[in-house]
Each structure stands twice: as structure tokens, then as C-alpha cells.
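A.B. asks: Below you'll find data.txt; it's compact mmCIF, C-alpha atoms and all ligand atoms.
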```
# COMPACT_ATOMS: atom_id res chain seq x y z
CA GLY K 1 -24.87 5.84 1.49
CA ALA K 2 -24.88 2.07 1.77
CA ASN K 3 -22.04 0.62 3.85
CA LEU K 4 -20.16 3.88 4.06
CA ASN K 5 -17.93 4.21 7.09
CA ASN K 6 -17.90 7.83 8.21
CA SER K 7 -14.63 7.45 10.06
CA PHE K 8 -12.76 7.33 6.77
CA THR K 9 -12.56 10.94 5.67
CA PHE K 10 -10.23 13.14 3.67
CA ASP K 11 -9.69 15.10 6.82
CA ASN K 12 -8.04 12.22 8.64
CA PHE K 13 -6.14 10.90 5.65
CA ILE K 14 -2.50 11.94 5.83
CA GLU K 15 -1.08 12.92 2.51
CA GLY K 16 2.47 12.08 1.52
CA LYS K 17 4.53 11.40 -1.57
CA SER K 18 3.42 7.77 -1.54
CA ASN K 19 -0.29 8.53 -1.85
CA GLN K 20 -0.27 12.01 -3.35
CA LEU K 21 -1.61 11.09 -6.77
CA ALA K 22 -4.30 8.80 -5.44
CA HIS K 23 -5.31 11.42 -2.91
CA ALA K 24 -5.51 14.20 -5.53
CA ALA K 25 -7.49 12.02 -7.91
CA ALA K 26 -9.88 10.97 -5.15
CA LEU K 27 -10.48 14.61 -4.20
CA GLN K 28 -11.29 15.50 -7.78
CA VAL K 29 -13.69 12.60 -8.11
CA ALA K 30 -15.42 13.65 -4.88
CA GLU K 31 -15.85 17.16 -6.23
CA ASN K 32 -16.97 16.13 -9.66
CA PRO K 33 -18.47 12.64 -9.56
CA GLY K 34 -18.83 11.03 -12.96
CA GLY K 35 -17.07 13.96 -14.56
CA ALA K 36 -13.45 13.79 -13.51
CA TYR K 37 -12.13 10.25 -13.89
CA ASN K 38 -14.37 7.28 -14.48
CA PRO K 39 -13.60 4.75 -13.26
CA LEU K 40 -11.06 5.79 -10.68
CA PHE K 41 -8.91 2.73 -10.19
CA ILE K 42 -6.69 2.67 -7.10
CA TYR K 43 -4.22 -0.13 -6.63
CA GLY K 44 -1.55 -0.99 -4.10
CA GLY K 45 -0.55 -3.39 -1.34
CA VAL K 46 -2.48 -4.24 1.77
CA GLY K 47 -2.95 -1.64 4.49
CA LEU K 48 -1.92 1.36 2.41
CA GLY K 49 -5.18 3.30 2.55
CA LYS K 50 -7.12 2.20 -0.53
CA THR K 51 -10.34 1.49 1.35
CA HIS K 52 -9.90 4.64 3.41
CA LEU K 53 -9.56 6.86 0.34
CA MET K 54 -12.38 5.21 -1.53
CA GLN K 55 -14.69 5.58 1.46
CA ALA K 56 -13.58 9.19 1.89
CA VAL K 57 -14.80 9.93 -1.62
CA GLY K 58 -18.17 8.36 -0.84
CA THR K 59 -18.50 10.23 2.45
CA GLU K 60 -17.56 13.50 0.77
CA MET K 61 -20.10 12.94 -2.01
CA MET K 62 -22.79 12.39 0.59
CA ARG K 63 -21.79 15.59 2.35
CA HIS K 64 -22.28 17.56 -0.86
CA ASN K 65 -25.48 15.76 -1.70
CA PRO K 66 -27.19 13.89 1.14
CA ASN K 67 -29.64 12.33 -1.31
CA ALA K 68 -26.94 10.76 -3.44
CA LYS K 69 -27.09 7.02 -3.72
CA VAL K 70 -23.54 5.97 -2.97
CA VAL K 71 -22.97 2.26 -2.63
CA TYR K 72 -19.78 0.77 -1.21
CA LEU K 73 -19.16 -2.94 -1.17
CA HIS K 74 -16.40 -5.45 -1.13
CA SER K 75 -16.08 -7.43 -4.35
CA GLU K 76 -16.78 -10.69 -2.51
CA ARG K 77 -20.07 -9.22 -1.41
CA PHE K 78 -20.90 -8.34 -5.01
CA VAL K 79 -20.19 -11.94 -6.01
CA ALA K 80 -22.27 -13.37 -3.15
CA ASP K 81 -25.20 -11.05 -3.84
CA MET K 82 -25.18 -11.98 -7.47
CA VAL K 83 -25.11 -15.70 -6.75
CA LYS K 84 -28.03 -15.22 -4.39
CA ALA K 85 -29.93 -13.17 -6.95
CA LEU K 86 -29.45 -15.93 -9.49
CA GLN K 87 -30.70 -18.56 -7.05
CA LEU K 88 -33.75 -16.48 -6.19
CA ASN K 89 -34.47 -15.63 -9.78
CA ALA K 90 -33.98 -12.00 -8.88
CA ILE K 91 -31.16 -11.11 -11.21
CA ASN K 92 -33.18 -8.33 -12.80
CA ASP K 93 -33.63 -6.67 -9.42
CA PHE K 94 -29.93 -7.07 -8.86
CA LYS K 95 -29.20 -5.37 -12.16
CA ARG K 96 -31.66 -2.61 -11.55
CA TYR K 97 -30.25 -1.90 -8.11
CA TYR K 98 -26.65 -1.56 -9.23
CA ARG K 99 -27.57 0.48 -12.24
CA SER K 100 -29.59 2.95 -10.19
CA VAL K 101 -26.70 4.19 -8.07
CA ASP K 102 -24.99 7.56 -8.35
CA ALA K 103 -21.70 6.04 -7.37
CA LEU K 104 -20.54 2.46 -7.07
CA LEU K 105 -17.46 1.72 -4.96
CA ILE K 106 -16.14 -1.80 -5.26
CA ASP K 107 -13.23 -2.77 -3.05
CA ASP K 108 -10.53 -5.37 -3.77
CA ILE K 109 -11.75 -6.36 -7.21
CA GLN K 110 -8.95 -8.93 -7.43
CA PHE K 111 -11.59 -11.29 -6.00
CA PHE K 112 -13.42 -11.18 -9.34
CA ALA K 113 -10.60 -13.32 -10.73
CA GLY K 114 -11.82 -16.65 -12.03
CA LYS K 115 -15.49 -15.75 -11.44
CA ASP K 116 -16.68 -15.69 -15.03
CA ARG K 117 -20.37 -15.19 -14.39
CA THR K 118 -19.68 -12.27 -12.08
CA GLN K 119 -17.34 -10.70 -14.57
CA GLU K 120 -19.94 -11.02 -17.29
CA GLU K 121 -22.50 -9.30 -15.10
CA PHE K 122 -20.11 -6.66 -13.92
CA PHE K 123 -19.07 -5.93 -17.48
CA HIS K 124 -22.63 -4.89 -18.35
CA THR K 125 -23.07 -2.96 -15.13
CA PHE K 126 -19.82 -1.17 -15.80
CA ASN K 127 -20.91 -0.16 -19.30
CA ALA K 128 -24.30 1.01 -18.10
CA LEU K 129 -22.81 3.14 -15.32
CA LEU K 130 -20.19 4.65 -17.56
CA GLU K 131 -22.80 5.55 -20.13
CA GLY K 132 -25.00 7.05 -17.44
CA GLY K 133 -22.15 9.18 -16.14
CA GLN K 134 -22.37 7.44 -12.77
CA GLN K 135 -19.10 7.31 -10.86
CA MET K 136 -17.23 4.09 -10.25
CA ILE K 137 -14.28 3.65 -7.94
CA LEU K 138 -12.45 0.37 -7.88
CA THR K 139 -9.54 -0.82 -5.79
CA CYS K 140 -7.25 -3.75 -6.26
CA ASP K 141 -4.14 -5.16 -4.62
CA ARG K 142 -2.24 -5.06 -7.90
CA TYR K 143 -2.06 -3.43 -11.30
CA PRO K 144 -5.14 -4.49 -13.34
CA LYS K 145 -3.11 -6.08 -16.14
CA GLU K 146 -1.52 -8.38 -13.55
CA ILE K 147 -4.77 -9.94 -12.36
CA GLN K 148 -4.80 -13.52 -13.56
CA GLY K 149 -8.21 -14.87 -14.42
CA LEU K 150 -9.74 -11.51 -15.23
CA GLU K 151 -11.23 -10.96 -18.68
CA ASP K 152 -9.22 -8.73 -20.98
CA ARG K 153 -12.20 -6.56 -21.78
CA LEU K 154 -12.57 -5.73 -18.08
CA LYS K 155 -8.85 -5.10 -17.69
CA SER K 156 -8.92 -2.66 -20.55
CA ARG K 157 -12.06 -0.91 -19.27
CA PHE K 158 -10.53 -0.49 -15.84
CA GLY K 159 -7.95 1.69 -17.52
CA TRP K 160 -10.45 3.96 -19.29
CA GLY K 161 -10.56 6.44 -16.45
CA LEU K 162 -7.54 6.98 -14.26
CA THR K 163 -5.36 4.30 -12.69
CA VAL K 164 -3.29 5.40 -9.70
CA ALA K 165 -0.99 3.53 -7.36
CA ILE K 166 -0.61 3.90 -3.61
CA GLU K 167 2.89 3.11 -2.44
CA PRO K 168 4.09 2.24 1.05
CA PRO K 169 4.47 5.50 2.97
CA GLU K 170 7.94 6.99 3.31
CA LEU K 171 9.43 7.70 6.73
CA GLU K 172 8.14 11.26 7.14
CA THR K 173 4.62 10.23 6.21
CA ARG K 174 4.76 7.34 8.65
CA VAL K 175 5.78 9.75 11.39
CA ALA K 176 2.96 12.14 10.46
CA ILE K 177 0.41 9.31 10.45
CA LEU K 178 1.53 8.12 13.89
CA MET K 179 1.40 11.62 15.38
CA ARG K 180 -2.07 12.10 13.95
CA LYS K 181 -3.40 8.72 15.15
CA ALA K 182 -1.98 9.32 18.63
CA ASP K 183 -3.58 12.73 18.68
CA GLU K 184 -6.92 11.21 17.67
CA SER K 185 -6.61 8.80 20.59
CA GLY K 186 -5.87 11.67 22.95
CA ILE K 187 -2.32 10.44 23.52
CA LYS K 188 0.80 12.58 23.77
CA LEU K 189 3.37 11.07 21.45
CA SER K 190 6.68 12.87 21.10
CA TYR K 191 8.26 13.23 17.69
CA ASP K 192 11.14 11.02 18.84
CA SER K 193 8.84 8.18 19.87
CA ALA K 194 6.88 8.44 16.62
CA PHE K 195 10.14 8.49 14.72
CA PHE K 196 11.34 5.37 16.49
CA ILE K 197 8.18 3.44 15.60
CA ALA K 198 8.17 4.75 12.03
CA GLN K 199 11.77 3.69 11.55
CA LYS K 200 11.04 0.17 12.70
CA ILE K 201 7.65 -0.45 11.09
CA ARG K 202 7.87 0.15 7.38
CA SER K 203 5.46 -2.22 5.71
CA ASN K 204 2.10 -0.49 5.84
CA VAL K 205 -0.20 1.78 7.77
CA ARG K 206 -2.20 -1.01 9.35
CA GLU K 207 0.96 -2.43 10.95
CA LEU K 208 1.89 1.05 12.05
CA GLU K 209 -1.47 1.48 13.75
CA GLY K 210 -1.10 -1.94 15.35
CA ALA K 211 2.28 -1.04 16.81
CA LEU K 212 0.99 2.27 18.14
CA LYS K 213 -2.01 0.57 19.77
CA ARG K 214 0.33 -1.83 21.48
CA VAL K 215 2.46 0.98 22.85
CA ILE K 216 -0.59 2.89 24.05
CA ALA K 217 -2.08 -0.20 25.72
CA ASN K 218 1.21 -0.95 27.44
CA SER K 219 1.40 2.61 28.69
CA HIS K 220 -2.12 2.34 30.11
CA PHE K 221 -1.32 -0.92 31.90
CA THR K 222 1.98 0.21 33.36
CA GLY K 223 1.15 3.85 33.88
CA ARG K 224 4.47 4.75 32.29
CA ALA K 225 5.03 7.62 29.90
CA ILE K 226 5.71 6.92 26.25
CA THR K 227 9.37 7.54 25.47
CA PRO K 228 11.53 6.00 22.73
CA ASP K 229 12.90 3.53 25.30
CA PHE K 230 9.43 2.61 26.42
CA VAL K 231 8.43 2.12 22.78
CA ARG K 232 11.41 -0.14 22.19
CA GLU K 233 10.44 -2.22 25.21
CA SER K 234 6.78 -2.40 24.22
CA LEU K 235 7.58 -3.56 20.71
CA LYS K 236 10.40 -5.92 21.69
CA ASP K 237 8.69 -9.12 20.56
CA LEU K 238 7.43 -7.58 17.38
CA LEU K 239 10.85 -6.24 16.48
CA ALA K 240 12.59 -9.50 17.32
CA LEU K 241 10.23 -11.29 14.98
CA GLN K 242 10.90 -8.74 12.29
CA ASP K 243 14.67 -9.05 12.70
CA LYS K 244 14.33 -12.77 12.19
CA LEU K 245 12.61 -12.18 8.87
CA VAL K 246 14.85 -9.44 7.53
CA ASN K 247 18.51 -10.05 8.07
CA ILE K 248 21.61 -9.57 5.96
CA ASP K 249 21.46 -13.15 4.64
CA ASN K 250 17.93 -12.63 3.36
CA ILE K 251 18.82 -9.32 1.85
CA GLN K 252 21.77 -10.81 0.01
CA ARG K 253 19.73 -13.74 -1.23
CA ILE K 254 16.88 -11.57 -2.47
CA VAL K 255 19.10 -8.95 -4.06
CA ALA K 256 21.10 -11.65 -5.86
CA GLU K 257 17.90 -13.26 -7.12
CA TYR K 258 16.52 -9.91 -8.21
CA TYR K 259 19.60 -9.00 -10.25
CA LYS K 260 20.14 -12.58 -11.38
CA ILE K 261 23.66 -12.77 -10.02
CA LYS K 262 25.22 -15.12 -7.47
CA ILE K 263 25.40 -14.39 -3.76
CA SER K 264 29.12 -15.07 -4.03
CA ASP K 265 29.34 -12.16 -6.50
CA LEU K 266 27.97 -9.85 -3.83
CA LEU K 267 30.72 -10.98 -1.47
CA SER K 268 33.49 -11.06 -4.05
CA LYS K 269 36.12 -8.47 -4.90
CA ARG K 270 34.65 -7.99 -8.38
CA ARG K 271 34.10 -4.33 -9.15
CA SER K 272 32.27 -4.41 -12.48
CA ARG K 273 29.12 -2.35 -12.44
CA SER K 274 26.88 -5.43 -12.89
CA VAL K 275 27.86 -6.69 -9.44
CA ALA K 276 29.05 -3.49 -7.75
CA ARG K 277 25.65 -1.78 -8.02
CA PRO K 278 23.65 -4.70 -6.64
CA ARG K 279 26.21 -4.93 -3.83
CA GLN K 280 25.72 -1.25 -3.01
CA VAL K 281 21.96 -1.68 -3.14
CA ALA K 282 22.17 -4.65 -0.79
CA MET K 283 24.34 -2.72 1.68
CA SER K 284 21.91 0.18 1.67
CA LEU K 285 19.02 -2.17 2.30
CA ALA K 286 20.95 -3.75 5.15
CA LYS K 287 21.47 -0.34 6.72
CA GLU K 288 17.84 0.63 6.30
CA LEU K 289 16.24 -2.66 7.30
CA THR K 290 18.47 -4.10 10.01
CA ASN K 291 20.08 -2.79 13.14
CA HIS K 292 23.58 -3.69 12.03
CA SER K 293 26.33 -1.08 12.24
CA LEU K 294 28.37 0.01 9.22
CA PRO K 295 31.41 -2.10 10.22
CA GLU K 296 29.15 -5.15 10.56
CA ILE K 297 27.54 -4.53 7.21
CA GLY K 298 30.89 -4.01 5.47
CA ASP K 299 32.18 -7.17 7.07
CA ALA K 300 29.14 -9.20 5.96
CA PHE K 301 29.87 -8.24 2.37
CA GLY K 302 33.14 -10.04 1.89
CA GLY K 303 35.08 -8.41 4.71
CA ARG K 304 34.85 -4.83 3.48
CA ASP K 305 35.38 -1.97 5.88
CA HIS K 306 32.87 0.55 7.14
CA THR K 307 33.94 3.31 4.74
CA THR K 308 33.01 1.08 1.81
CA ALA K 309 29.58 0.50 3.34
CA LEU K 310 29.20 4.23 3.96
CA HIS K 311 30.18 5.04 0.40
CA ALA K 312 27.70 2.48 -0.95
CA ILE K 313 24.87 3.93 1.08
CA ARG K 314 25.65 7.50 -0.02
CA LYS K 315 25.95 6.43 -3.62
CA ILE K 316 22.58 4.67 -3.65
CA LYS K 317 20.94 7.58 -1.90
CA GLU K 318 22.26 9.90 -4.58
CA LEU K 319 21.29 7.54 -7.42
CA GLN K 320 17.76 7.27 -6.12
CA ASP K 321 17.35 10.94 -7.02
CA THR K 322 18.96 10.75 -10.42
CA ASP K 323 18.49 7.23 -11.75
CA SER K 324 14.94 5.97 -12.15
CA ASP K 325 16.07 2.35 -12.64
CA ILE K 326 17.83 2.30 -9.30
CA ARG K 327 14.92 4.06 -7.68
CA GLU K 328 12.52 1.42 -9.05
CA ASP K 329 14.83 -1.47 -8.10
CA TYR K 330 15.20 -0.18 -4.58
CA LYS K 331 11.49 0.27 -4.15
CA GLN K 332 10.74 -3.20 -5.46
CA LEU K 333 13.33 -4.80 -3.21
CA MET K 334 12.06 -2.88 -0.21
CA ARG K 335 8.58 -4.17 -0.98
CA ILE K 336 9.73 -7.76 -1.36
CA LEU K 337 11.68 -7.62 1.89
CA THR K 338 9.08 -5.88 4.04
CA THR K 339 5.78 -7.43 3.02
P1 LIG I 1 -6.12 -0.99 2.30
O1 LIG I 1 -7.55 -0.87 1.91
O2 LIG I 1 -5.18 -0.40 1.28
O3 LIG I 1 -5.71 -2.37 2.68
P2 LIG I 1 -6.96 0.65 4.51
O4 LIG I 1 -7.61 1.76 3.77
O5 LIG I 1 -7.86 -0.34 5.15
O6 LIG I 1 -5.89 -0.10 3.59
O7 LIG I 1 -5.99 1.29 5.60
C1 LIG I 1 -5.52 0.56 6.72
C2 LIG I 1 -5.56 1.45 7.94
O8 LIG I 1 -4.60 2.48 7.80
C3 LIG I 1 -6.88 2.16 8.13
O9 LIG I 1 -7.15 2.25 9.50
C4 LIG I 1 -6.65 3.54 7.55
O10 LIG I 1 -7.46 4.52 8.16
C5 LIG I 1 -5.20 3.76 7.85
N1 LIG I 1 -4.53 4.59 6.84
C6 LIG I 1 -3.99 4.19 5.66
N2 LIG I 1 -3.43 5.20 5.01
C7 LIG I 1 -3.59 6.28 5.78
C8 LIG I 1 -3.22 7.67 5.65
N3 LIG I 1 -2.54 8.11 4.59
N4 LIG I 1 -3.57 8.51 6.65
C9 LIG I 1 -4.22 8.07 7.72
N5 LIG I 1 -4.61 6.79 7.91
C10 LIG I 1 -4.30 5.90 6.95
MG MG I 2 -8.97 -2.37 1.77
```
Show how you would write the structure in this file as C-alpha cells.
C.D. replies:
Amino acid sequence: GANLNNSFTFDNFIEGKSNQLAHAAALQVAENPGGAYNPLFIYGGVGLGKTHLMQAVGTEMMRHNPNAKVVYLHSERFVADMVKALQLNAINDFKRYYRSVDALLIDDIQFFAGKDRTQEEFFHTFNALLEGGQQMILTCDRYPKEIQGLEDRLKSRFGWGLTVAIEPPELETRVAILMRKADESGIKLSYDSAFFIAQKIRSNVRELEGALKRVIANSHFTGRAITPDFVRESLKDLLALQDKLVNIDNIQRIVAEYYKIKISDLLSKRRSRSVARPRQVAMSLAKELTNHSLPEIGDAFGGRDHTTALHAIRKIKELQDTDSDIREDYKQLMRILTT
């Protein structure tokens, strides 16, 4: 396989609610290339495992069939190769090469945006591969319809197979990933230490790995064992920086913007649903994303007491299970605040 990285496997990909669909779809494609979903289109934010999963499919295909021609490349590489082929009058070779593959894996196709000539060429390659039953896997940092500067005919084709999202991992998955990565590095990481890191680092898996590396390095240098306190100390700067970015003021501002209400509404005594819900959402976010206590959070929302904050948090937790609007709102806001 060209450019396949064997360290990205299904075996070392931790499954969780956030990546379950993408993981299941990728497995099916690996087992039945060209026959399950074509193309498989995986989208989601940075550091969430898109490249890992895509590469895992390629590696798995090669394991089943060592003679398979599986080609992985980043979309910028596709663009550069095509430009070069045009300059060298070798565009026919370029076409022939890409049409001869058993599977074509193109990463981060958002970089095709605004590149008309590339899109034209890729359009024909896409059609040829689809017709030939050759597997395509594409990743992107956003939903295909949201890519500005991408031809409509490509957008629609990207949806012909299966489009799946990868979401930021939830707490339990973050813990599992950390335990696994530590294990792979031959490090003993207690559940409590993993839990501490996972609670603090919520944005994506790459950040999680970065934090863990820092802790491990610090432990090597100091010869001290990794405990939750040691983790806190090792990540002090990182966490301080994070606290500066996500604080109650920011949360209130962003929640107010999101629901198109005024910040003063969040702090007011008004109890109509249109402001009470956003207020409860904001309090829950404050609890989840900052280190403030319940009394502090209640106080920051117009001098309410801690039981009001507690009630808000319980209410939103409950609504996340029963109300898909709230669930979606909360997820969106989390994403805005943590990335
Ligand atoms: P993306 O392509 O979405 O930006 P990557 O696939 O490069 O993200 O993932 C970033 C890092 O996180 C990689 O080292 C990858 O192995 C790791 N990673 C992401 N998701 C998982 C997961 N579910 N299990 C294990 N490792 C993961
Ligand atoms: Mg990637």
C-alpha cells in the first residue's frame, strides 16, 4: 500500500459512542471493499481519529490481500501531483495511476475547495472508480454540503455512499484511550490519573495524547510516580491556559449569542423558558468546563444560590437524554467552547 502507516490499526482504535458509526462503517468497508459503502465519507473536527480510521481500513485491506493496490494520500498531495503532471505533460499517466487502484484514500478533502481544475479531474476519477467498484474513502473536517468552493456535483457524489460523523470523545472514551496509550508506552497509569486528564482535556484525542506525553516525560525526568496530584502539577501551565480561554464570562457570552438572547437575560430574574433554558445550559457548561464550585456558578448567574445551579445541571442532564434539541445545542456549544 502506498503511504499506509501500519501503526494505525483497528486493533488500537478505541471505540466509543462518539466514533461508533464511523468505526462500524470502516470495518464493513475493510471487509467488503467496493461492496459495502462507496465512497465512505468520514467527517469531523481535528484530532478525532479520521486519518487513523481511514488508514486502518487500508491496512486491514492489505492484510486480507497483500497484492491489493491501496493508495493513501492527503488531498494537498493529490493537488500537487496533478499540477506537476500537467506541467510535465503527464496527465494521462496521472489518470491511469489513480484509476488503477483497488482503493483510493484521500484525506482532508476540504483542501479541494477553490481548486477547480483538481475538482474537475477528481470528478472523473471518482466516476471511474465508482464504476469499477473500486473503494474510495474520503475524510473532511466538515459536512460535505458545508464546504465552500466545492462543486455541487462533487458534494452530491460524496453522499452517494455513506457519510458518517466522528464526534469528540465522551469522558469514558477519553479515559479508555488514555489507559490504552499509556499501556502501549509501557506506563502504569491508574484509572484516577487517567480520569483526571480526561476530565481536563476534552477537545480531541491529539490533545489528550499530548497531555499524556507531557505527564510521562515529566515522570521520567523527576523519577516520580504518576498520581492525580502529579498529573495536575505536570499539566499546570496547560490547564491555566485553558482556564483563561474557557471561563464563565465566555460561556455566558457564547450561550447568549447562540440562543440570540442578551447576556443580561441570563443574569436576570426572568423565568420564561426562552431564557431559563439557555441559563440552565450555561450553568451546566460552567460546571463541566470550569473549576468553579456550585455556589460560585450560582452567584455568577445573577446571584442565584447553589441549589439553583444544582437543579439546572440535573435538569440539563436529564433533558440531554430526552430532548434531542437540547442534546444538539449542548454538543454544539461544547464544541464552540473547547475547540
Ligand atoms: P484526525 O485525522 O481526525 O485529525 P487522527 O486520526 O490524526 O485525527 O488522530 C489523532 C491522534 O489521535 C492519532 O494519534 C490517533 O491515533 C489518535 N486517535 C484518535 N482517535 C482515536 C481512538 N478512538 N482510539 C485511539 N487513538 C485515537
Ligand atoms: Mg487527519
A.B. asks: Under the rule that all atoms listed in the file are counted, which of K:Val70, K:Leu310, K:Val215, K:Glu121 is the nearest residue to Thr227 of chain K?
C.D. replies: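 With all atoms listed in the file as the atom set, the closest residue is K:Val215.
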A.B. asks: For Thr139 of chain K, which of K:Tyr97, K:Tyr258, K:Tyr191, K:Phe112 is the closest residue, counting all atoms listed in the file?
C.D. replies: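 Using all atoms listed in the file, Thr139 of chain K sits closest to K:Phe112.
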A.B. asks: Could you pull out the residues sitting within 8 Å of ligand LIG 1 (chain I), using all atoms listed in the file, and write them as an NGL selection string?
C.D. replies: :K and (7-8 or 12-16 or 19 or 43-54 or 107-108 or 139 or 141 or 166 or 169 or 173 or 177 or 180-181 or 204-206 or 208-209)
A.B. asks: Under the rule that only C-alpha atoms are counted, which of K:Ala103, K:Leu86, K:Leu21, K:Ala128 is the nearest residue to Gly35 of chain K?
C.D. replies: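 Closest to Gly35 of chain K, using only C-alpha atoms: K:Ala103.
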A.B. asks: Go ahead and compute the interatomic distance for atom CA of Ser156 of chain K and atom CA of Leu129 of chain K, in Å to one decimal.
C.D. replies: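 If I compute the distance from atom CA of Ser156 of chain K to atom CA of Leu129 of chain K, I get 15.9 Å.
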A.B. asks: Using the file's own x, y and z axes, so that the box edges lie along x, y and z, what centre and edge lengths in Å (one decimal) does a box around every listed atom of segment 86-98 of chain K get when 6 Å is added on each side? Give it as JSON.
C.D. replies:
```
{"center_x": -30.6, "center_y": -10.1, "center_z": -9.5, "size_x": 19.8, "size_y": 29.0, "size_z": 18.6}
```
A.B. asks: Measuring atom to atom with all atoms listed in the file, identify which of K:Gly34, K:Gly133, K:Pro295, K:Gly114 is nearest to Leu150 of chain K.
C.D. replies: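 Among the listed residues, the smallest separation from Leu150 of chain K belongs to K:Gly114.
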A.B. asks: Kindly indicate which residue among K:Thr338, K:Ala22, K:Leu88, K:Asn6 lies nearest to Glu167 of chain K, using all atoms listed in the file for the distances.
C.D. replies: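 The shortest atom-to-atom distance to Glu167 of chain K comes from K:Ala22.
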A.B. asks: By how many Å are atom CA of Val164 of chain K and atom CA of Leu319 of chain K apart?
C.D. replies: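 Taking atom CA of Val164 of chain K and atom CA of Leu319 of chain K, their separation equals 24.8 Å.
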A.B. asks: Let me make sure I understand: among K:Leu138, K:Val57, K:Leu154, K:Ala225, which one has the smallest atom-to-atom distance to ligand MG 2 (chain I) if we use all atoms listed in the file?
C.D. replies: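 Going through K:Leu138, K:Val57, K:Leu154, K:Ala225 one by one, the smallest distance to ligand MG 2 (chain I) is for K:Leu138.
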A.B. asks: State, in Å with one decimal place, the distance from atom CA of Ala194 of chain K to atom CA of Ile336 of chain K.
C.D. replies: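 Those two atoms sit 24.4 Å apart.
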A.B. asks: Any idea what's packed within 10 Å of Asn250 of chain K, counting only C-alpha atoms, ignoring anything in its chain fewer than 5 positions away? Could you give it as a tab-separated table (two decimals) with C-alpha atoms, in the frame of the given file?
C.D. replies:
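Once everything was written out, this is out_24.tsv:
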```
chain	number	residue	atom	x	y	z
K	244	LYS	CA	14.33	-12.77	12.19
K	245	LEU	CA	12.61	-12.18	8.87
K	255	VAL	CA	19.10	-8.95	-4.06
K	256	ALA	CA	21.10	-11.65	-5.86
K	282	ALA	CA	22.17	-4.65	-0.79
K	286	ALA	CA	20.95	-3.75	5.15
K	337	LEU	CA	11.68	-7.62	1.89
```
A.B. asks: With a distance cut-off of 12 Å and all atoms listed in the file, select the neighbouring residues of Asp192 of chain K, excluding the residue or stretch itself and same-chain residues fewer than 2 positions from it, and output the selection as a list in words.
C.D. replies: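 Near Asp192 of chain K, the qualifying residues are Val175, Ala176, Leu178, Met179, Lys188, Leu189, Ser190, Ala194, Phe195, Phe196, Ile197, Ala198, Gln199, Ile226, Thr227, Pro228, Asp229, Phe230, Val231 and Arg232 of chain K.
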A.B. asks: So which residues touch Glu131 of chain K within 12 Å, counting all atoms listed in the file, skipping near sequence neighbours fewer than 4 positions away, as a list in words?
C.D. replies: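 Near neighbours after the sequence-gap exclusion: Gly34, Gly35, Asn38, Pro39, Arg99, His124, Thr125, Phe126, Asn127, Gln135 and Met136 of chain K.
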A.B. asks: Residues near segment 72-74 of chain K, anyone? I mean within 8 Å using all atoms listed in the file, not counting same-chain ones fewer than 2 positions away, as a list in words.
C.D. replies: Gly1, Ala2, Asn3, Leu4, Gln55, Gly58, Val70, Glu76, Arg77, Phe78, Leu104, Leu105, Ile106, Asp107, Asp108 and Ile109 of chain K
A.B. asks: Set the distance at 9 Å and use only C-alpha atoms: which residues neighbour segment 262-268 of chain K once local chain neighbours fewer than 4 positions away are removed? I'd like the list as a list of chain:residue names.
C.D. replies: K:Gln252, K:Arg253, K:Val255, K:Ala256, K:Glu257, K:Val275, K:Ala276, K:Pro278, K:Arg279, K:Gln280, K:Ala282, K:Ala300, K:Phe301, K:Gly302, K:Gly303, K:Arg304
